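S.K.: Got a file for you: start-v8.pdb, PDB, C-alpha atoms, pLDDT in the B column.
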```
ATOM      1  CA  MET T  17      35.955  99.459 124.902  1.00 82.00           C
ATOM      2  CA  ASP T  18      34.907  97.286 127.810  1.00 89.00           C
ATOM      3  CA  GLY T  19      34.197 100.118 130.236  1.00 94.00           C
ATOM      4  CA  GLU T  20      36.127 101.749 132.996  1.00 97.00           C
ATOM      5  CA  ILE T  21      38.166 100.441 135.888  1.00 97.00           C
ATOM      6  CA  SER T  22      38.654 102.261 139.179  1.00 97.00           C
ATOM      7  CA  ALA T  23      42.081 103.032 140.562  1.00 96.00           C
ATOM      8  CA  ASP T  24      41.412 100.651 143.474  1.00 96.00           C
ATOM      9  CA  GLU T  25      40.414  97.821 141.111  1.00 96.00           C
ATOM     10  CA  LEU T  26      43.535  98.355 138.992  1.00 96.00           C
ATOM     11  CA  GLU T  27      45.765  98.447 142.050  1.00 95.00           C
ATOM     12  CA  ALA T  28      44.218  95.161 143.268  1.00 95.00           C
ATOM     13  CA  LEU T  29      44.857  93.530 139.865  1.00 95.00           C
ATOM     14  CA  LEU T  30      48.488  94.639 139.965  1.00 94.00           C
ATOM     15  CA  ASP T  31      48.897  93.495 143.577  1.00 94.00           C
ATOM     16  CA  ASP T  32      47.543  90.096 142.527  1.00 95.00           C
ATOM     17  CA  GLY T  33      50.125  89.869 139.742  1.00 94.00           C
ATOM     18  CA  GLU T  34      47.559  89.990 136.934  1.00 93.00           C
ATOM     19  CA  ASP T  35      48.926  90.500 133.427  1.00 94.00           C
ATOM     20  CA  VAL T  36      47.700  94.007 132.584  1.00 96.00           C
ATOM     21  CA  ARG T  37      49.207  96.273 129.932  1.00 97.00           C
ATOM     22  CA  ILE T  38      48.885  99.823 131.215  1.00 98.00           C
ATOM     23  CA  VAL T  39      49.122 102.386 128.431  1.00 98.00           C
ATOM     24  CA  ASP T  40      49.671 105.951 129.635  1.00 98.00           C
ATOM     25  CA  ILE T  41      48.643 108.280 126.805  1.00 98.00           C
ATOM     26  CA  ARG T  42      49.965 111.504 128.356  1.00 97.00           C
ATOM     27  CA  PRO T  43      52.848 113.416 126.742  1.00 97.00           C
ATOM     28  CA  ARG T  44      56.328 112.045 127.462  1.00 96.00           C
ATOM     29  CA  ALA T  45      57.258 114.835 129.908  1.00 95.00           C
ATOM     30  CA  ALA T  46      54.170 114.192 132.054  1.00 95.00           C
ATOM     31  CA  PHE T  47      54.844 110.438 132.006  1.00 96.00           C
ATOM     32  CA  GLU T  48      58.426 110.993 133.143  1.00 95.00           C
ATOM     33  CA  ARG T  49      57.279 113.115 136.103  1.00 94.00           C
ATOM     34  CA  GLY T  50      55.275 110.198 137.452  1.00 94.00           C
ATOM     35  CA  HIS T  51      53.378 107.157 136.268  1.00 96.00           C
ATOM     36  CA  ILE T  52      51.961 103.844 137.395  1.00 96.00           C
ATOM     37  CA  PRO T  53      54.858 101.373 137.700  1.00 93.00           C
ATOM     38  CA  ASN T  54      55.372  99.113 134.679  1.00 92.00           C
ATOM     39  CA  SER T  55      53.109 101.246 132.509  1.00 96.00           C
ATOM     40  CA  GLU T  56      54.203 102.147 129.018  1.00 97.00           C
ATOM     41  CA  ASN T  57      54.007 105.569 127.461  1.00 98.00           C
ATOM     42  CA  ILE T  58      52.320 105.854 124.095  1.00 98.00           C
ATOM     43  CA  PRO T  59      51.193 109.482 123.757  1.00 98.00           C
ATOM     44  CA  PHE T  60      47.660 109.785 122.388  1.00 97.00           C
ATOM     45  CA  SER T  61      48.907 111.405 119.176  1.00 96.00           C
ATOM     46  CA  ASP T  62      51.145 108.359 118.543  1.00 97.00           C
ATOM     47  CA  LEU T  63      48.571 105.722 119.444  1.00 97.00           C
ATOM     48  CA  PRO T  64      47.106 105.137 115.951  1.00 95.00           C
ATOM     49  CA  GLN T  65      50.571 104.289 114.569  1.00 96.00           C
ATOM     50  CA  SER T  66      51.664 102.367 117.675  1.00 96.00           C
ATOM     51  CA  VAL T  67      48.592 100.332 118.619  1.00 95.00           C
ATOM     52  CA  ASP T  68      50.178  97.254 117.025  1.00 94.00           C
ATOM     53  CA  GLN T  69      52.579  97.179 120.002  1.00 95.00           C
ATOM     54  CA  LEU T  70      49.628  95.902 122.055  1.00 95.00           C
ATOM     55  CA  GLU T  71      49.071  92.834 119.901  1.00 93.00           C
ATOM     56  CA  GLY T  72      48.743  89.736 122.055  1.00 91.00           C
ATOM     57  CA  ALA T  73      47.625  91.620 125.173  1.00 94.00           C
ATOM     58  CA  ASP T  74      44.801  90.004 127.123  1.00 94.00           C
ATOM     59  CA  ARG T  75      43.968  93.114 129.147  1.00 96.00           C
ATOM     60  CA  VAL T  76      44.781  96.755 128.433  1.00 97.00           C
ATOM     61  CA  VAL T  77      44.076  99.768 130.644  1.00 98.00           C
ATOM     62  CA  THR T  78      44.485 103.230 129.140  1.00 98.00           C
ATOM     63  CA  VAL T  79      45.454 106.136 131.391  1.00 98.00           C
ATOM     64  CA  CYS T  80      45.234 109.907 130.896  1.00 97.00           C
ATOM     65  CA  PRO T  81      45.151 112.863 133.313  1.00 96.00           C
ATOM     66  CA  HIS T  82      41.453 112.742 134.298  1.00 95.00           C
ATOM     67  CA  GLY T  83      39.890 109.693 132.608  1.00 92.00           C
ATOM     68  CA  GLN T  84      38.332 111.322 129.548  1.00 93.00           C
ATOM     69  CA  ALA T  85      40.884 111.018 126.721  1.00 96.00           C
ATOM     70  CA  SER T  86      41.675 107.495 127.909  1.00 97.00           C
ATOM     71  CA  GLN T  87      38.128 106.484 126.993  1.00 97.00           C
ATOM     72  CA  GLN T  88      38.798 107.494 123.386  1.00 97.00           C
ATOM     73  CA  ALA T  89      42.136 105.696 123.529  1.00 97.00           C
ATOM     74  CA  ALA T  90      40.465 102.534 124.851  1.00 97.00           C
ATOM     75  CA  ARG T  91      37.958 102.629 121.981  1.00 96.00           C
ATOM     76  CA  LEU T  92      40.798 102.990 119.481  1.00 96.00           C
ATOM     77  CA  VAL T  93      42.748 100.095 121.026  1.00 96.00           C
ATOM     78  CA  LYS T  94      39.641  97.872 121.141  1.00 95.00           C
ATOM     79  CA  SER T  95      38.950  98.551 117.445  1.00 94.00           C
ATOM     80  CA  TYR T  96      42.452  97.423 116.410  1.00 93.00           C
ATOM     81  CA  GLU T  97      42.097  94.275 114.294  1.00 89.00           C
ATOM     82  CA  GLY T  98      45.366  92.795 115.591  1.00 87.00           C
ATOM     83  CA  LEU T  99      44.041  92.647 119.144  1.00 90.00           C
ATOM     84  CA  ASP T 100      42.346  89.420 120.193  1.00 88.00           C
ATOM     85  CA  GLU T 101      38.584  89.933 120.179  1.00 87.00           C
ATOM     86  CA  ASP T 102      38.442  88.527 123.726  1.00 92.00           C
ATOM     87  CA  ALA T 103      40.969  91.065 125.020  1.00 94.00           C
ATOM     88  CA  ARG T 104      39.588  93.337 127.718  1.00 96.00           C
ATOM     89  CA  VAL T 105      40.245  97.062 127.128  1.00 97.00           C
ATOM     90  CA  GLU T 106      39.344  99.559 129.846  1.00 97.00           C
ATOM     91  CA  SER T 107      39.931 103.188 130.736  1.00 98.00           C
ATOM     92  CA  LEU T 108      41.165 104.235 134.186  1.00 97.00           C
ATOM     93  CA  ALA T 109      38.041 106.063 135.411  1.00 97.00           C
ATOM     94  CA  SER T 110      39.743 108.695 137.546  1.00 92.00           C
ATOM     95  CA  GLY T 111      42.751 109.184 135.332  1.00 96.00           C
ATOM     96  CA  ILE T 112      46.216 109.331 136.824  1.00 95.00           C
ATOM     97  CA  THR T 113      45.129 112.110 139.209  1.00 94.00           C
ATOM     98  CA  GLY T 114      42.980 109.567 141.061  1.00 93.00           C
ATOM     99  CA  TRP T 115      45.807 107.044 141.416  1.00 95.00           C
ATOM    100  CA  ASP T 116      46.866 106.635 145.062  1.00 91.00           C
ATOM    101  CA  GLY T 117      49.102 103.618 144.510  1.00 89.00           C
ATOM    102  CA  GLU T 118      52.824 103.446 143.960  1.00 89.00           C
ATOM    103  CA  VAL T 119      54.300 105.956 141.520  1.00 91.00           C
ATOM    104  CA  ALA T 120      57.387 105.557 139.388  1.00 90.00           C
ATOM    105  CA  ALA T 121      59.301 108.372 137.729  1.00 87.00           C
ATOM    106  CA  ASN T 122      62.084 108.066 135.183  1.00 76.00           C
ATOM    107  CA  GLU T 123      64.357 110.521 136.945  1.00 53.00           C
ATOM    108  CA  ARG T 124      64.192 108.306 140.044  1.00 40.00           C
ATOM    109  CA  ASP T 125      64.945 105.091 138.144  1.00 40.00           C
ATOM    110  CA  GLU T 126      61.417 103.717 138.494  1.00 39.00           C
ATOM    111  CA  GLY T 127      61.612 103.892 142.287  1.00 39.00           C
ATOM    112  CA  PRO T 128      58.657 104.521 144.574  1.00 40.00           C
ATOM    113  CA  ASP T 129      57.252 107.993 144.996  1.00 41.00           C
ATOM    114  CA  THR T 130      59.146 109.900 147.662  1.00 39.00           C
ATOM    115  CA  GLU T 131      57.089 113.086 147.530  1.00 43.00           C
ATOM    116  CA  SER T 132      54.810 114.013 150.376  1.00 36.00           C
ATOM    117  CA  ALA T 133      51.204 112.919 150.276  1.00 38.00           C
ATOM    118  CA  THR T 134      50.081 116.508 149.600  1.00 37.00           C
ATOM    119  CA  GLU T 135      52.294 116.916 146.544  1.00 47.00           C
ATOM    120  CA  SER T 136      51.418 115.140 143.331  1.00 52.00           C
ATOM    121  CA  PRO T 137      53.829 114.496 140.454  1.00 57.00           C
ATOM    122  CA  PHE T 138      50.826 114.600 138.111  1.00 59.00           C
TER     123      PHE T 138
END
```
Just dump the structure as structure tokens.

M.R.:
Amino acid sequence: MDGEISADELEALLDDGEDVRIVDIRPRAAFERGHIPNSENIPFSDLPQSVDQLEGADRVVTVCPHGQASQQAARLVKSYEGLDEDARVESLASGITGWDGEVAANERDEGPDTESATESPF
């Protein structure tokens, strides 16, 4: 694992069009309620069998509810032999609960979050 990344840093990377693979390790139902746009859902329990899907990624950011399980996920991804040794693998420090950027939800066809600022889909 290459450390943690803040929500603001990740949002800036995405705004700049950087190629970042965002792996949300929450259960499917939580992911469908709301997630960072263009992230992919690989629940933590499925990650060991699915880590090969990240082969070829230059930068991976793992996301969980509060930033703790995603650290373990980042370590697992970084240890995968199929990942380029120069690939950067980070955990979202605050977890999804600290994300203030755009939110996508499957039931809204990946559209922007339309909930009020006081309500969180997470």

S.K.: Evaluate the PyMOL selection byres ((chain T and resi 70) around 12) on the structure here and hand back the selected residues as a VMD selection string.

M.R.: chain T and resid 36 to 39 56 to 58 63 to 69 71 to 78 90 92 to 100 103 to 105

S.K.: Just write the chosen residues, C-alpha atoms, as a JSON list (two decimals), in the coordinates of the input.

M.R.:
```
[["chain", "number", "residue", "atom", "x", "y", "z"],
["T", 36, "VAL", "CA", 47.70, 94.01, 132.58],
["T", 37, "ARG", "CA", 49.21, 96.27, 129.93],
["T", 38, "ILE", "CA", 48.88, 99.82, 131.22],
["T", 39, "VAL", "CA", 49.12, 102.39, 128.43],
["T", 56, "GLU", "CA", 54.20, 102.15, 129.02],
["T", 57, "ASN", "CA", 54.01, 105.57, 127.46],
["T", 58, "ILE", "CA", 52.32, 105.85, 124.10],
["T", 63, "LEU", "CA", 48.57, 105.72, 119.44],
["T", 64, "PRO", "CA", 47.11, 105.14, 115.95],
["T", 65, "GLN", "CA", 50.57, 104.29, 114.57],
["T", 66, "SER", "CA", 51.66, 102.37, 117.68],
["T", 67, "VAL", "CA", 48.59, 100.33, 118.62],
["T", 68, "ASP", "CA", 50.18, 97.25, 117.02],
["T", 69, "GLN", "CA", 52.58, 97.18, 120.00],
["T", 71, "GLU", "CA", 49.07, 92.83, 119.90],
["T", 72, "GLY", "CA", 48.74, 89.74, 122.06],
["T", 73, "ALA", "CA", 47.62, 91.62, 125.17],
["T", 74, "ASP", "CA", 44.80, 90.00, 127.12],
["T", 75, "ARG", "CA", 43.97, 93.11, 129.15],
["T", 76, "VAL", "CA", 44.78, 96.76, 128.43],
["T", 77, "VAL", "CA", 44.08, 99.77, 130.64],
["T", 78, "THR", "CA", 44.48, 103.23, 129.14],
["T", 90, "ALA", "CA", 40.47, 102.53, 124.85],
["T", 92, "LEU", "CA", 40.80, 102.99, 119.48],
["T", 93, "VAL", "CA", 42.75, 100.10, 121.03],
["T", 94, "LYS", "CA", 39.64, 97.87, 121.14],
["T", 95, "SER", "CA", 38.95, 98.55, 117.44],
["T", 96, "TYR", "CA", 42.45, 97.42, 116.41],
["T", 97, "GLU", "CA", 42.10, 94.28, 114.29],
["T", 98, "GLY", "CA", 45.37, 92.80, 115.59],
["T", 99, "LEU", "CA", 44.04, 92.65, 119.14],
["T", 100, "ASP", "CA", 42.35, 89.42, 120.19],
["T", 103, "ALA", "CA", 40.97, 91.06, 125.02],
["T", 104, "ARG", "CA", 39.59, 93.34, 127.72],
["T", 105, "VAL", "CA", 40.24, 97.06, 127.13]]
```

S.K.: Which residue is closest to Glu118 in chain T? Choose from T:Ile21, T:Ala46, T:Ile52, T:Glu106 and count all atoms listed in the file.

M.R.: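 Smallest distance to Glu118 in chain T is found for T:Ile52.
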
S.K.: Would you work out the distance separating CA of Leu108 in chain T from CA of Ser86 in chain T, expressed in Å to one decimal?

M.R.: 7.1 Å

S.K.: Just to confirm, what's the straight-line distance from CA of Ser61 in chain T to CA of Cys80 in chain T in Å (one decimal)?

M.R.: 12.4 Å

S.K.: Show me the residues around (41.5, 111.0, 129.6) - criterion: an atom at most 10 Å away, all atoms listed in the file counted - as JSON, numbers by chain.

M.R.: {"T": [40, 41, 42, 60, 78, 79, 80, 81, 82, 83, 84, 85, 86, 87, 88, 89, 90, 107, 108, 109, 110, 111, 112]}

S.K.: For Ser22 in chain T, which residue out of T:Glu48, T:Asp102, T:Asp35, T:Asp116 is the nearest one, using all atoms listed in the file?

M.R.: T:Asp116

S.K.: Can you work out the spacing between CA of Glu27 in chain T and CA of Gly117 in chain T in Å, to one decimal?

M.R.: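 Separating CA of Glu27 in chain T from CA of Gly117 in chain T is a distance of 6.6 Å.
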
S.K.: Step by step, gather every atom of range 43-48 of chain T that the file lists, find the box along x, y and z that holds them, add 8 Å on each side, and finally give centre and edge lengths in Å to one decimal, as AutoDock Vina command-line options.

M.R.:
```
--center_x 55.6 --center_y 112.6 --center_z 129.9 --size_x 21.6 --size_y 20.4 --size_z 22.4
```

S.K.: Between T:Glu101, T:Thr113, T:Asn122, T:Ala28, which has the minimum distance to Asn54 in chain T (counting all atoms listed in the file)?

M.R.: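 Of the candidates, the smallest distance to Asn54 in chain T is held by T:Asn122.
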
S.K.: Return the single residue from T:Met17, T:Glu34, T:Leu26, T:Arg91 that is closest to Gly114 in chain T, with distances computed using only C-alpha atoms.

M.R.: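 Going through T:Met17, T:Glu34, T:Leu26, T:Arg91 one by one, the smallest distance to Gly114 in chain T is for T:Leu26.
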
S.K.: Could you extract range 106-119 of chain T of the given structure into a file holding all heavy atoms, as a tab-separated table (two decimals), in the first residue's frame?

M.R.:
```tsv
chain	number	residue	atom	x	y	z
T	106	GLU	N	-3.72	3.23	-3.05
T	106	GLU	CA	-4.01	4.04	-1.87
T	106	GLU	C	-5.40	3.73	-1.34
T	106	GLU	O	-6.26	3.22	-2.04
T	106	GLU	CB	-3.95	5.53	-2.22
T	106	GLU	CG	-2.61	5.97	-2.75
T	106	GLU	CD	-2.68	7.27	-3.51
T	106	GLU	OE1	-3.40	7.32	-4.55
T	106	GLU	OE2	-2.02	8.22	-3.10
T	107	SER	N	-5.61	4.10	-0.09
T	107	SER	CA	-6.90	3.97	0.57
T	107	SER	C	-7.49	5.37	0.72
T	107	SER	O	-6.76	6.32	1.05
T	107	SER	CB	-6.69	3.33	1.95
T	107	SER	OG	-7.85	3.44	2.74
T	108	LEU	N	-8.80	5.51	0.51
T	108	LEU	CA	-9.46	6.80	0.74
T	108	LEU	C	-9.54	7.01	2.25
T	108	LEU	O	-10.24	6.28	2.95
T	108	LEU	CB	-10.84	6.83	0.10
T	108	LEU	CG	-11.62	8.15	0.24
T	108	LEU	CD1	-10.85	9.31	-0.40
T	108	LEU	CD2	-12.99	8.02	-0.37
T	109	ALA	N	-8.80	7.99	2.76
T	109	ALA	CA	-8.60	8.17	4.20
T	109	ALA	C	-9.91	8.30	4.98
T	109	ALA	O	-10.06	7.69	6.04
T	109	ALA	CB	-7.71	9.39	4.45
T	110	SER	N	-10.83	9.04	4.49
T	110	SER	CA	-12.07	9.30	5.22
T	110	SER	C	-13.15	8.26	4.95
T	110	SER	O	-14.21	8.30	5.57
T	110	SER	CB	-12.62	10.66	4.81
T	110	SER	OG	-12.90	10.64	3.41
T	111	GLY	N	-12.90	7.38	4.01
T	111	GLY	CA	-13.96	6.49	3.56
T	111	GLY	C	-14.99	7.27	2.78
T	111	GLY	O	-14.88	8.48	2.58
T	112	ILE	N	-16.01	6.57	2.35
T	112	ILE	CA	-17.05	7.20	1.52
T	112	ILE	C	-17.83	8.25	2.32
T	112	ILE	O	-18.35	9.21	1.75
T	112	ILE	CB	-17.98	6.13	0.90
T	112	ILE	CG1	-18.85	6.71	-0.21
T	112	ILE	CG2	-18.84	5.47	1.96
T	112	ILE	CD1	-18.10	6.97	-1.48
T	113	THR	N	-17.88	8.11	3.65
T	113	THR	CA	-18.62	9.08	4.46
T	113	THR	C	-17.97	10.46	4.42
T	113	THR	O	-18.65	11.46	4.68
T	113	THR	CB	-18.75	8.61	5.92
T	113	THR	OG1	-17.45	8.37	6.45
T	113	THR	CG2	-19.60	7.36	6.03
T	114	GLY	N	-16.70	10.55	4.08
T	114	GLY	CA	-16.03	11.83	3.98
T	114	GLY	C	-16.04	12.42	2.58
T	114	GLY	O	-15.48	13.49	2.34
T	115	TRP	N	-16.67	11.73	1.64
T	115	TRP	CA	-16.70	12.18	0.25
T	115	TRP	C	-17.77	13.26	0.08
T	115	TRP	O	-18.95	13.03	0.34
T	115	TRP	CB	-17.01	11.00	-0.67
T	115	TRP	CG	-17.10	11.35	-2.12
T	115	TRP	CD1	-18.24	11.44	-2.85
T	115	TRP	CD2	-16.02	11.64	-3.00
T	115	TRP	NE1	-17.93	11.79	-4.15
T	115	TRP	CE2	-16.57	11.92	-4.26
T	115	TRP	CE3	-14.63	11.70	-2.84
T	115	TRP	CZ2	-15.79	12.24	-5.36
T	115	TRP	CZ3	-13.86	12.03	-3.93
T	115	TRP	CH2	-14.43	12.28	-5.17
T	116	ASP	N	-17.37	14.44	-0.35
T	116	ASP	CA	-18.30	15.55	-0.58
T	116	ASP	C	-18.54	15.81	-2.06
T	116	ASP	O	-19.30	16.70	-2.41
T	116	ASP	CB	-17.78	16.83	0.06
T	116	ASP	CG	-17.86	16.80	1.57
T	116	ASP	OD1	-18.73	16.11	2.12
T	116	ASP	OD2	-17.02	17.47	2.22
T	117	GLY	N	-17.86	15.05	-2.90
T	117	GLY	CA	-17.98	15.25	-4.35
T	117	GLY	C	-19.26	14.65	-4.90
T	117	GLY	O	-20.17	14.26	-4.17
T	118	GLU	N	-19.31	14.58	-6.19
T	118	GLU	CA	-20.47	14.04	-6.89
T	118	GLU	C	-20.71	12.59	-6.47
T	118	GLU	O	-19.78	11.85	-6.18
T	118	GLU	CB	-20.22	14.09	-8.40
T	118	GLU	CG	-21.41	13.68	-9.22
T	118	GLU	CD	-21.15	13.80	-10.72
T	118	GLU	OE1	-20.19	14.48	-11.12
T	118	GLU	OE2	-21.91	13.20	-11.47
T	119	VAL	N	-21.98	12.22	-6.42
T	119	VAL	CA	-22.37	10.86	-6.03
T	119	VAL	C	-23.24	10.27	-7.13
T	119	VAL	O	-24.10	10.95	-7.68
T	119	VAL	CB	-23.17	10.90	-4.70
T	119	VAL	CG1	-23.71	9.52	-4.35
T	119	VAL	CG2	-22.30	11.42	-3.58
```
